[in-house]
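Visitor: Below you'll find final_27.csv; it's CSV, C-alpha atoms.
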```
chain,number,residue,atom,x,y,z
A,214,MET,CA,48.7,96.3,137.7
A,215,THR,CA,45.4,97.4,136.1
A,216,GLN,CA,45.5,98.8,132.5
A,217,ARG,CA,43.2,101.5,131.2
A,218,THR,CA,41.8,101.4,127.6
A,219,ARG,CA,40.2,104.7,126.7
A,220,ILE,CA,37.6,104.8,124.0
A,221,HIS,CA,36.8,108.1,122.3
A,222,LEU,CA,33.3,107.4,121.0
A,223,ILE,CA,31.9,109.9,118.6
A,224,ARG,CA,28.7,110.2,116.6
A,225,HIS,CA,28.9,110.9,112.8
A,226,GLY,CA,28.4,114.5,111.5
A,227,GLU,CA,25.2,116.0,110.1
A,228,VAL,CA,23.4,114.0,107.4
A,229,GLU,CA,21.2,114.9,104.4
A,230,ARG,CA,18.1,113.3,106.0
A,231,PRO,CA,17.9,114.7,109.5
A,232,TYR,CA,15.0,114.0,111.8
A,233,CYS,CA,14.4,110.6,110.0
A,234,TYR,CA,14.9,107.1,111.1
A,235,ASN,CA,17.9,106.5,108.8
A,236,GLY,CA,19.0,103.2,110.3
A,237,HIS,CA,20.9,101.2,107.6
A,238,PHE,CA,20.0,103.7,104.9
A,239,ASP,CA,23.4,104.9,103.6
A,240,VAL,CA,22.7,108.6,103.8
A,241,ARG,CA,25.4,111.1,102.9
A,242,LEU,CA,26.9,113.8,105.1
A,243,THR,CA,26.0,117.4,104.4
A,244,ALA,CA,28.9,119.9,103.8
A,245,ARG,CA,28.3,121.0,107.4
A,246,GLY,CA,28.6,117.4,108.5
A,247,GLU,CA,32.0,117.0,106.9
A,248,GLU,CA,33.2,120.3,108.5
A,249,MET,CA,32.1,118.9,111.9
A,250,TYR,CA,34.7,116.2,111.5
A,251,HIS,CA,37.4,118.7,110.8
A,252,GLN,CA,36.3,120.7,113.8
A,253,LEU,CA,36.9,117.7,116.0
A,254,LYS,CA,40.6,117.5,115.2
A,255,PRO,CA,41.9,120.0,117.9
A,256,ARG,CA,40.1,117.8,120.5
A,257,LEU,CA,42.0,114.6,119.4
A,258,GLU,CA,45.7,114.0,120.2
A,259,PRO,CA,47.4,112.1,117.3
A,260,ASP,CA,50.3,110.9,119.5
A,261,ARG,CA,47.8,109.2,121.9
A,262,ILE,CA,45.3,107.5,119.6
A,263,SER,CA,46.6,104.3,118.2
A,264,ALA,CA,43.6,103.0,116.2
A,265,LEU,CA,40.4,104.2,114.5
A,266,TYR,CA,37.2,102.2,113.9
A,267,THR,CA,34.0,103.1,112.0
A,268,SER,CA,30.8,101.3,110.9
A,269,ASP,CA,30.5,100.4,107.3
A,270,LEU,CA,28.0,103.2,106.5
A,271,GLN,CA,29.4,106.2,104.6
A,272,ARG,CA,28.4,108.8,107.3
A,273,THR,CA,31.0,107.2,109.6
A,274,VAL,CA,33.4,105.9,107.0
A,275,ARG,CA,33.8,109.5,105.7
A,276,GLY,CA,34.7,110.5,109.3
A,277,GLY,CA,37.5,107.9,109.2
A,278,GLU,CA,38.7,109.2,105.9
A,279,ILE,CA,39.0,112.7,107.4
A,280,LEU,CA,40.3,111.9,110.8
A,281,GLY,CA,42.6,108.9,110.0
A,282,PRO,CA,45.3,110.9,108.2
A,283,TYR,CA,45.3,113.5,110.9
A,284,LEU,CA,45.8,110.9,113.6
A,285,GLY,CA,48.2,108.9,111.5
A,286,VAL,CA,46.1,105.7,111.6
A,287,GLU,CA,44.3,103.6,109.1
A,288,PRO,CA,40.5,103.4,109.6
A,289,VAL,CA,39.0,99.9,110.1
A,290,THR,CA,35.4,99.3,109.2
A,291,VAL,CA,33.3,97.1,111.6
A,292,PRO,CA,29.8,96.3,110.2
A,293,ALA,CA,28.6,95.3,113.6
A,294,LEU,CA,28.8,99.0,114.6
A,295,ARG,CA,26.0,99.9,112.1
A,296,GLU,CA,23.1,102.0,113.4
A,297,LEU,CA,19.9,100.2,114.6
A,298,SER,CA,18.0,98.7,111.7
A,299,CYS,CA,14.6,100.3,111.6
A,300,GLY,CA,13.1,98.0,109.0
A,301,VAL,CA,10.0,99.6,107.2
A,302,TRP,CA,10.5,102.7,109.3
A,303,GLU,CA,13.7,103.6,107.6
A,304,GLY,CA,13.5,106.9,105.7
A,305,LEU,CA,10.4,108.0,107.6
A,306,SER,CA,10.1,110.9,110.1
A,307,VAL,CA,8.5,110.6,113.5
A,308,ALA,CA,5.5,112.5,112.2
A,309,GLN,CA,5.2,110.1,109.2
A,310,ILE,CA,5.4,107.0,111.4
A,311,GLN,CA,2.8,108.4,113.8
A,312,GLU,CA,0.4,109.1,110.9
A,313,GLN,CA,1.1,106.0,108.7
A,314,ARG,CA,1.8,103.3,111.4
A,315,PRO,CA,0.2,104.5,114.7
A,316,ASP,CA,-0.2,101.1,116.2
A,317,GLU,CA,3.5,100.3,115.8
A,318,TRP,CA,4.4,103.7,117.2
A,319,ALA,CA,2.2,103.0,120.3
A,320,ALA,CA,3.8,99.6,120.7
A,321,ARG,CA,7.2,101.2,120.7
A,322,LEU,CA,6.3,103.7,123.4
A,323,ALA,CA,4.8,100.9,125.5
A,324,ASP,CA,7.9,98.7,125.3
A,325,LEU,CA,11.0,100.6,124.0
A,326,GLU,CA,13.4,97.9,125.0
A,327,ASN,CA,11.8,95.0,123.1
A,328,PHE,CA,9.9,96.7,120.3
A,329,CYS,CA,11.1,95.9,116.8
A,330,ALA,CA,9.8,97.7,113.7
A,331,PRO,CA,8.8,95.2,111.0
A,332,GLY,CA,12.0,94.0,109.3
A,333,GLY,CA,14.2,95.8,111.8
A,334,GLU,CA,15.9,95.2,115.1
A,335,SER,CA,15.1,95.6,118.8
A,336,LEU,CA,17.4,97.4,121.1
A,337,GLY,CA,18.3,94.1,122.6
A,338,GLU,CA,19.4,92.8,119.2
A,339,LEU,CA,21.3,96.0,118.6
A,340,ALA,CA,23.2,95.5,121.9
A,341,GLY,CA,23.8,91.9,121.0
A,342,ARG,CA,25.9,92.8,118.0
A,343,VAL,CA,27.4,96.2,119.2
A,344,LEU,CA,28.7,95.2,122.6
A,345,PRO,CA,30.7,92.1,121.6
A,346,ALA,CA,32.3,94.2,118.7
A,347,LEU,CA,33.3,96.9,121.2
A,348,LYS,CA,34.6,94.4,123.7
A,349,GLU,CA,36.8,92.9,121.0
A,350,ILE,CA,38.2,96.4,120.2
A,351,VAL,CA,38.9,97.0,123.9
A,352,GLU,CA,40.7,93.6,124.2
A,353,ARG,CA,42.7,94.2,121.1
A,354,HIS,CA,44.0,97.6,122.3
A,355,ARG,CA,44.6,97.0,126.1
A,356,GLY,CA,46.3,100.1,127.6
A,357,GLU,CA,45.8,102.2,124.5
A,358,GLU,CA,43.4,105.0,123.3
A,359,VAL,CA,41.1,104.3,120.4
A,360,LEU,CA,38.7,106.4,118.4
A,361,VAL,CA,35.4,104.9,117.3
A,362,VAL,CA,33.1,106.7,114.9
A,363,ALA,CA,29.6,105.4,115.2
A,364,HIS,CA,25.9,106.3,115.4
A,365,GLY,CA,23.5,107.8,117.9
A,366,GLY,CA,21.8,104.5,118.7
A,367,VAL,CA,25.0,102.6,118.9
A,368,ASN,CA,26.6,105.2,121.2
A,369,ARG,CA,23.6,105.1,123.5
A,370,ILE,CA,23.9,101.3,123.8
A,371,VAL,CA,27.6,101.5,124.6
A,372,LEU,CA,27.0,104.3,127.2
A,373,LEU,CA,24.1,102.5,128.9
A,374,ASP,CA,26.2,99.4,129.2
A,375,ALA,CA,29.1,101.3,130.6
A,376,ILE,CA,26.9,102.7,133.5
A,377,LYS,CA,24.9,99.5,133.8
A,378,ALA,CA,21.6,101.2,133.0
A,379,PRO,CA,18.7,99.4,131.3
A,380,LEU,CA,18.0,99.6,127.6
A,381,GLY,CA,14.7,101.3,128.4
A,382,SER,CA,16.7,104.4,129.4
A,383,PHE,CA,17.9,104.7,125.7
A,384,PHE,CA,16.6,108.2,125.2
A,385,SER,CA,17.8,109.5,128.5
A,386,ILE,CA,21.2,110.1,126.8
A,387,ASP,CA,21.5,112.7,124.1
A,388,GLN,CA,23.8,112.3,121.1
A,389,GLN,CA,24.2,115.4,118.9
A,390,TYR,CA,26.0,115.2,115.6
A,391,CYS,CA,29.7,114.7,116.2
A,392,ALA,CA,29.1,114.4,119.9
A,393,MET,CA,32.2,113.1,121.8
A,394,ASN,CA,32.0,110.5,124.6
A,395,ILE,CA,35.0,109.2,126.5
A,396,ILE,CA,34.9,105.8,128.3
A,397,ASP,CA,37.7,104.2,130.3
A,398,TYR,CA,37.7,100.4,130.4
A,399,TRP,CA,39.9,99.1,133.2
A,400,SER,CA,41.4,95.6,133.0
A,401,ASP,CA,40.0,94.8,136.4
A,402,GLY,CA,36.5,95.1,134.9
A,403,ASN,CA,35.6,98.6,136.1
A,404,THR,CA,34.3,101.1,133.5
A,405,VAL,CA,34.2,104.9,134.0
A,406,VAL,CA,32.4,107.3,131.7
A,407,GLN,CA,34.5,110.5,131.6
A,408,LEU,CA,32.4,112.5,129.0
A,409,VAL,CA,29.0,112.3,127.4
A,410,ASN,CA,27.7,114.2,124.4
A,411,GLY,CA,30.6,116.7,124.6
```
Can the structure in the file be given as structure tokens, please?

Guide:
Amino acid sequence: MTQRTRIHLIRHGEVERPYCYNGHFDVRLTARGEEMYHQLKPRLEPDRISALYTSDLQRTVRGGEILGPYLGVEPVTVPALRELSCGVWEGLSVAQIQEQRPDEWAARLADLENFCAPGGESLGELAGRVLPALKEIVERHRGEEVLVVAHGGVNRIVLLDAIKAPLGSFFSIDQQYCAMNIIDYWSDGNTVVQLVNG
């Protein structure tokens, strides 16, 4: 008999440095960002969700602190679920990168999948740490429902993998603040995406 493991995958709430490549910068949530987590509560069923995972960056950890007590579960931090490391780009806006580092920006547009900002990660490297971490969560909770609070880049990697799409389609999926995604992982190897950016 096949078992379904359902992952409720959400992005963190609004942060103090929007429209910047925050990456591993440990930016704080805004007051609105905290409220966004509270607004998610009616969409989550405490009697169905058995575990909660976040990255180790405070914009997701805070989500675990807000949602964990509501769900009756203890949040677990997983460093591998951190956002893409953007190296020297971290803290810069798109406009600043285009102005200060135009050659790097052009290189990224030419090869989104393999480009790596100096000191940062490529999308392939991001996938290489995120997907094994998620697989471990799914295997640990076979037949259960789990909440994962992560980042826009991390969520896109997970969703692209779920639909077997290439990493070059990274920006074909939108992830708003506190967006909810639902993915069913079946024990026979099939994966079904039920909701994206909801």

Visitor: Within 10 Å of A:Gly300, counting all atoms listed in the file, which residues show up once you throw out same-chain ones fewer than 5 positions away? Write them as a VMD selection string, please.

Guide: chain A and resid 234 to 238 329 to 334

Visitor: Nearest residue to A:Glu296 out of A:Pro259, A:Leu373, A:Arg272, A:Arg241, using only C-alpha atoms?

Guide: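 Closest candidate: A:Arg272.
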
Visitor: Show me, as an MDAnalysis selection string, the residues that have an atom within 12 Å of stretch 277-289 of chain A when counting only C-alpha atoms, minus same-chain residues fewer than 4 positions from it.

Guide: chainID A and resid 223:226 246:273 293:294 350 358:363

Visitor: Mind giving me the straight-line distance from atom CA of A:Asn327 to atom CA of A:Ile370 in Å, one decimal?

Guide: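 Rounded to one decimal, the two atoms are 13.7 Å apart.
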
Visitor: With all atoms listed in the file as the basis for distance, which of A:Arg369, A:Gly341, A:Phe328, A:Asp397 is at the shortest distance from A:Ser385?

Guide: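 Comparing A:Arg369, A:Gly341, A:Phe328, A:Asp397 against A:Ser385, the winner is A:Arg369.
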
Visitor: Between A:Ala244, A:Ile396, A:Leu336, A:Ala308, which one has atoms that come closest to A:Glu229, using only C-alpha atoms?

Guide: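 Result for the nearest residue to A:Glu229: A:Ala244.
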
Visitor: Between A:Cys299, A:Ile220, A:Met214, A:Val307, which is the closest to A:Ile395 once you count all atoms listed in the file?

Guide: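 Answer, going by the shortest atom-to-atom distance: A:Ile220.
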
Visitor: Please, what distance in Å, to one decimal, runs between atom CA of A:Leu325 and atom CA of A:Gly337?

Guide: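 Between these atoms lies a distance of 9.9 Å.
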
Visitor: Could you work out how far atom CA of A:Ala378 lies from atom CA of A:Asp239, giving the answer in Å with one decimal?

Guide: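 For atom CA of A:Asp239 relative to atom CA of A:Ala378, the distance reads 29.7 Å.
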
Visitor: Name the residues in contact with A:Thr218 at a cut-off of 8 Å, using only C-alpha atoms, excluding same-chain residues fewer than 5 positions from it; report them as number ranges by chain.

Guide: A: 351, 354-359, 397-400

Visitor: For A:Ser298, which of A:Leu339, A:Leu408, A:Leu242, A:Ile376 is the closest residue, counting only C-alpha atoms?

Guide: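 Residue with the minimum atom-to-atom distance to A:Ser298: A:Leu339.
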
Visitor: Could you tell me which of A:Gln313, A:Gly276, A:Pro292, A:Thr215 comes closest to A:Val228 if we count all atoms listed in the file?

Guide: A:Gly276
